[in-house]
Each structure stands twice: as structure tokens, then as C-alpha cells.
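Worksheet for the structure shown next.
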Amino acid sequence: MNRVSQRSVNRVPQAAGSSPAAGRTRRATPRARSGQWAAWAFLAPVAVYLLLFYAYPMYRNVELSLRHYTVRSFVQGDAPFTGFANYATILGDATFGPALWHTAVFTLVSLAFQFTIGLALAMFFIRNFPLSATLRALFLVPWLLPLIVSSSTWSWMLNSDSGVVNAVLGAVGAGPVHWLTSPGWSLWSVTIANIWIGVPFNLVVLYSGLQAIDPAIHEAAEMDGAAGWTRFRRVTFPLLRPVSAITLLLGLVYTLKVFDIIWIMTKGGPSGSSTTFATWSYRLGFGNLLPAFGPGAAVGNLLIVAALTFGLIYIRLQRRQTFS
Amino acid sequence: MRNTRGRGRTAIGVVLTGVMLFPVYWMINVSFTREQDMRDSPPSWFPVHGTLEGYRAVLDQQLPYLGVSVIVGLGTVALTLLVAAPAAFSLAKLRPRGGGTLSFVLLIAQMIPGIIMAMGFYAIFLGAGVLNTVPGLIVADSTLAVPFAVLILTAFMSGIPEELMQAARVDGAGAVRTFWSVVLPVSRNAIITVSLFAFLWAWSDFILASTLDGGGRGQPITLGIYHYIGNNNQQWNAIMATAVIASIPTAVLLVIAQRYVAAGITAGAVKN
């Protein structure tokens, strides 16, 4: 928090340097106080908005998780307070262990591949060549497509009988894989689709990180005889470490909350084999005829604790990087 | 020597892009494939017997969904700009006390999983009677864009020269006047970028639509496609044709704001 205020202070001297008048308004004159009024008048809409449409839904979510809701009490709002009973329920649920495992595998495997492929592509594109800007722009398409579009396309490509993936596998002599309908493969299928969607993000961020590296450093490394793989391992990658950390952490926060792809492709099935916390929470709250809002909200809150933990680490890292 | 090397790289780049975009090609290919060719083995790699029956089905069945999505998208853009532009102006130029904290809250807000917002909004909307309505969905969808919009617009407006603000002040313009007549026109490109993103995210949203508008009369196109798949519909050319149409905003965004898209992605990740 300190760093944040520090940053806004840092900005002041530049303004003061450019004009003598700016320095005067900073002192606690009536003019400055009226300036604060104007500043907050402009901020008022977003402040109200954040309270109403972020804080309040999140508060309701916590409240949902601490009460025993039925369909009727959900409408009437008189559900009894049950403390952490919902959390105890989900921790003891047979789905908890597998969902935790699937979330971890899905997230870590996605990140590993997205990052590696993204970095390799960034290294490839950093050398400018004819058409490179256009091709790089085209690489953004998977990231920008509506998730329902990419998920349904992948569903059809991975279809057991008529999918193009199995057709290609058949052509090289491999037997058909039941990508979406066998418990052994479903998690891998949704992970593959998610990797495809996440590569562009990694490419773009790592590319901008590479661009920020001073070319003189590479030239110096080259003069010292470091080229190719050695140069990458000894020079480029270490310099890229801060950006890499940020890319991975932000990717982690994004991947933890992935819901659409899994739900549309497999609904978390078959028999729970691709259920993550996000899809489990949705299934509890909305996927059954008898909704279990309390446990659903409890799962959601576990997810948010995880996301915000990594999110805060990310913000800390990012601030440190801005100041160094 | 250098030239041939560059051309070689271009060739590799084209192949890599082709591999990456194969699913997109496949979507388009299937959207033109005839019903009777759909389950051919091996599948046809090109739509040799191309048909428009998929697109005809879209026109017959999906137009209402597309209409709702356009309305929801435009509504989201309007609401997002209404909230975000003044806030960004204040954060960038008026130095409010507590502005840093607010930026921090916005960064955090971006990280909240959609399922949490969906469940919270569901409880609130049910009580308020706006479940399954288009305005309700607009409000919910705007939460996807507002934090991003404030952060991007703030970054842009911070770059507006102080002299320009000074000149407006000398001319006797107050904060409102300066915002409206100086800052907003200068920020046109950033506003367009933010609007395109807000539209795209509202257009693409599935989780909020399916929880908050799943029983509504006006449902967006993401649910249109979802029902298509869910009904065990085997008309995959129609499904993929809908998907192609649903991808149009993506294409528009890339063509119009290509430069800003990458900037938008990195602005969220690597500041300055």
C-alpha cells in the first residue's frame, strides 16, 4: 500500500517542475481543498460502482457460504446461520480431493506449456522479418475469440467418431482416442484447448519483455562468444526473469478461474474426471435441479482466496519491478 | 544472404501461424460442410461441396440471440465509459487523496473469478427482480470491463501534457469543462480501444449470461450456441456457422485496433 501512495507522490515533482503554479496548488490552500472535491466528484461513480457491483456481490457470496440455504429460504432470505458448516461439508465431500488435484494439474500443465510455447514464439518473432507484425497479430486470434467459439470448435475437433484429430491419428496408425468421453482423457483435452487459448497472452507479454532488453547487452554477449542456446540460457533468460515471473503469476490467476472451456467441453465429466473448483462451484449452485448455494459459494470462496493470494504476490512483484 | 534468411523466417512464421490458427480454419471449413459429409472419414479438408445451409440455419434461428448480444454489448460499453472515463481523468490529472488505494482495488477486482460474481449477482438479482433481464446482464457484464477500462484510460490520460491542462485552466475552464472538451477528445484512441474490449468481453461472456439470463426471453449468442450444442443438435455446420458469426467482433477488434490490443494486454501485465 505504501508503494502505491509513493508512486502518486513521485508523479508530483514532474508536474511541479513543468510549471510553477502546480506547486502552489499542492499546499493546503482552499483552492487545493476544492481540487480534492472535484477529484472525488469524478471518482464518485466508480467508487459507488465498486461498492454496489463488486463489494456487495462478494459480501452476498460470503453470506451465502455461511448460511444453510434451500430454494425457499433463498427467495425469502431467512436461511439460518450455520457458521462454517458449508465449508466442512465441501472439505468432507468426495469431490474435494479430485477437484483440488484436477485444478492443480490443469493449472500447472497449462502454465508450463503456455509459457514455454509463448517464450519460444517470442524468441522467434523478436527478430523482425517480412510479415512478422501481421503474423504476430494473427497469433492473437485464439485469445480474443469468445470462449464458447473456441470450446465448441475444439469439442468438434476432438469428437471421438468424426473429429479431425482422431482422423489424423488414424492416418498415422494410432487408434481413436475418446478425448471428451473417457475419464482418462477429458482433463487432458480441456487442458490442450486451454493451452491453445493462453499462448497468445504469453507471447505478447514475453515479446514486450524481450523488446525491453537492451540490444547492447546481446552484442556484448556475442563478443564474449556467447551465442545461440548459451546466450539464451546465460543472458536472455536471466534478464527476462522478472517479466517471466509476472507472466506466470498472472497466468496462474487467470487459469485458476477458467470455467467456460471446461464446462462447455465436458461439463466437468465424465464422472467428474475434469471437475475443477470453478466447475464444481457452478455445478453445486446452478448445475443441479436442487441448487446447493451454500456449498457452491463456499467452493467459490476457496477459489477466490487462492486467486487473491497469487494476485497479491503478483502486485508486489510488479511494483518492485516498476521501482527498480 | 540476410534477405534469404528473412524470407526463410517468414516461411516458418507462416507455417507456425497456420498451425496455430488451424482450429479457426476448421471452424470455417465445417461451417460450409454439407450435413451428409459431416461424418465422412477422413473428413474433407476443404469445403469442396460447400453449402450455406448452416448459415441459413443461423438466419432462421439465431438472429434474436445476435440482436440481444449487440444490445448487451453496446449497453456494457456505455455503462463502462460512463463510470470509467471520469474516474480515469481524476486518477490521472486531479491527484485525489486515496487514488492509489483505488487503483489497487481495481487491480484486485480484475482477479475475482467469474463464478463468484455470478453467484453473488444471482442472489442480488433474484431479490431485486432483475434476473433474466437485459439491463441486469449489462450491469453484470460491465464488471468484466470497468477495472480494465479505468486502468487503461488512466495510463493514457497520464500521458496528456500538463501544458494542455494548464492552457485550459488559463482559459477559465473548470474540471468538468477540461474533462469534456480537452481530455476526452484527446483520448479518443484509448476510448475506442476500451470500448472495443468492453464490447468483446460482454459479447463473449458465457458464465454471467448462463447464470443471470439463462431463463430470460432475451438471451445472448453465447447461450444460443450453448443451447445448440446442448440440445444434442447434430447440425454441426449450423453450430460452426454461428461460431463464425460470433467471431466477427474479434475480427473487427483485430483489424481496427490491432496496435492497441497488444498494448492492452501488456498494460495489464507489465506496467510502463
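Residues are named by chain letter and number: chains run A, B, ... in the order of the C-alpha cells, numbers start at 1 in each chain, and ligands are numbered from 1 in the order shown.
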Please build the interface table for chain B against chain A with a cut-off of 6 Å, listing for each qualifying residue the nearest atom pair and the distance in Å to one decimal; count only C-alpha atoms, order rows by chain and increasing number, and write it as CSV.
residue,atom,partner,partner_atom,distance
B:Gly6,CA,A:Phe129,CA,5.2
B:Met27,CA,A:Thr153,CA,5.9
B:Arg39,CA,A:Ser162,CA,5.2
B:Pro42,CA,A:Ala167,CA,5.7
B:Val83,CA,A:Val46,CA,5.3
B:Pro86,CA,A:Phe42,CA,5.1
B:Ala87,CA,A:Leu43,CA,4.5
B:Ser90,CA,A:Ala39,CA,5.2
B:Leu94,CA,A:Ala39,CA,5.3
B:Pro96,CA,A:Ala39,CA,5.2
B:Gly100,CA,A:Val4,CA,5.2
B:Pro113,CA,A:Lys257,CA,5.0
B:Ile116,CA,A:Gly300,CA,5.6
B:Gly120,CA,A:Pro57,CA,4.1
B:Phe121,CA,A:Pro57,CA,5.5
B:Ser204,CA,A:Pro146,CA,4.5
B:Ala243,CA,A:Val149,CA,5.1
B:Thr250,CA,A:Leu144,CA,5.8
B:Thr266,CA,A:Val205,CA,5.5
Once DSSP has gone over the backbone, tell me which residues of stretch 146-253 of chain B are in helix (DSSP H, G or I), as a PyMOL selection string. chain B and resi 146-158+162-170+175-186+188-204+207-212+221-230+236-246+248-253
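Computed from the coordinates, the atom CA of B:Pro220 to atom CA of B:Leu66 distance equals 6.3 Å.
Using only C-alpha atoms for every distance, the candidate list B:Trp45, B:Tyr55, B:Phe148, B:Tyr228 yields B:Phe148 as the residue closest to B:Val105.
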Point out the residue among A:Gly272, A:His68, A:Ala88, A:Trp229 with the least atom-to-atom distance to A:Gly184, counting only C-alpha atoms. A:Gly272
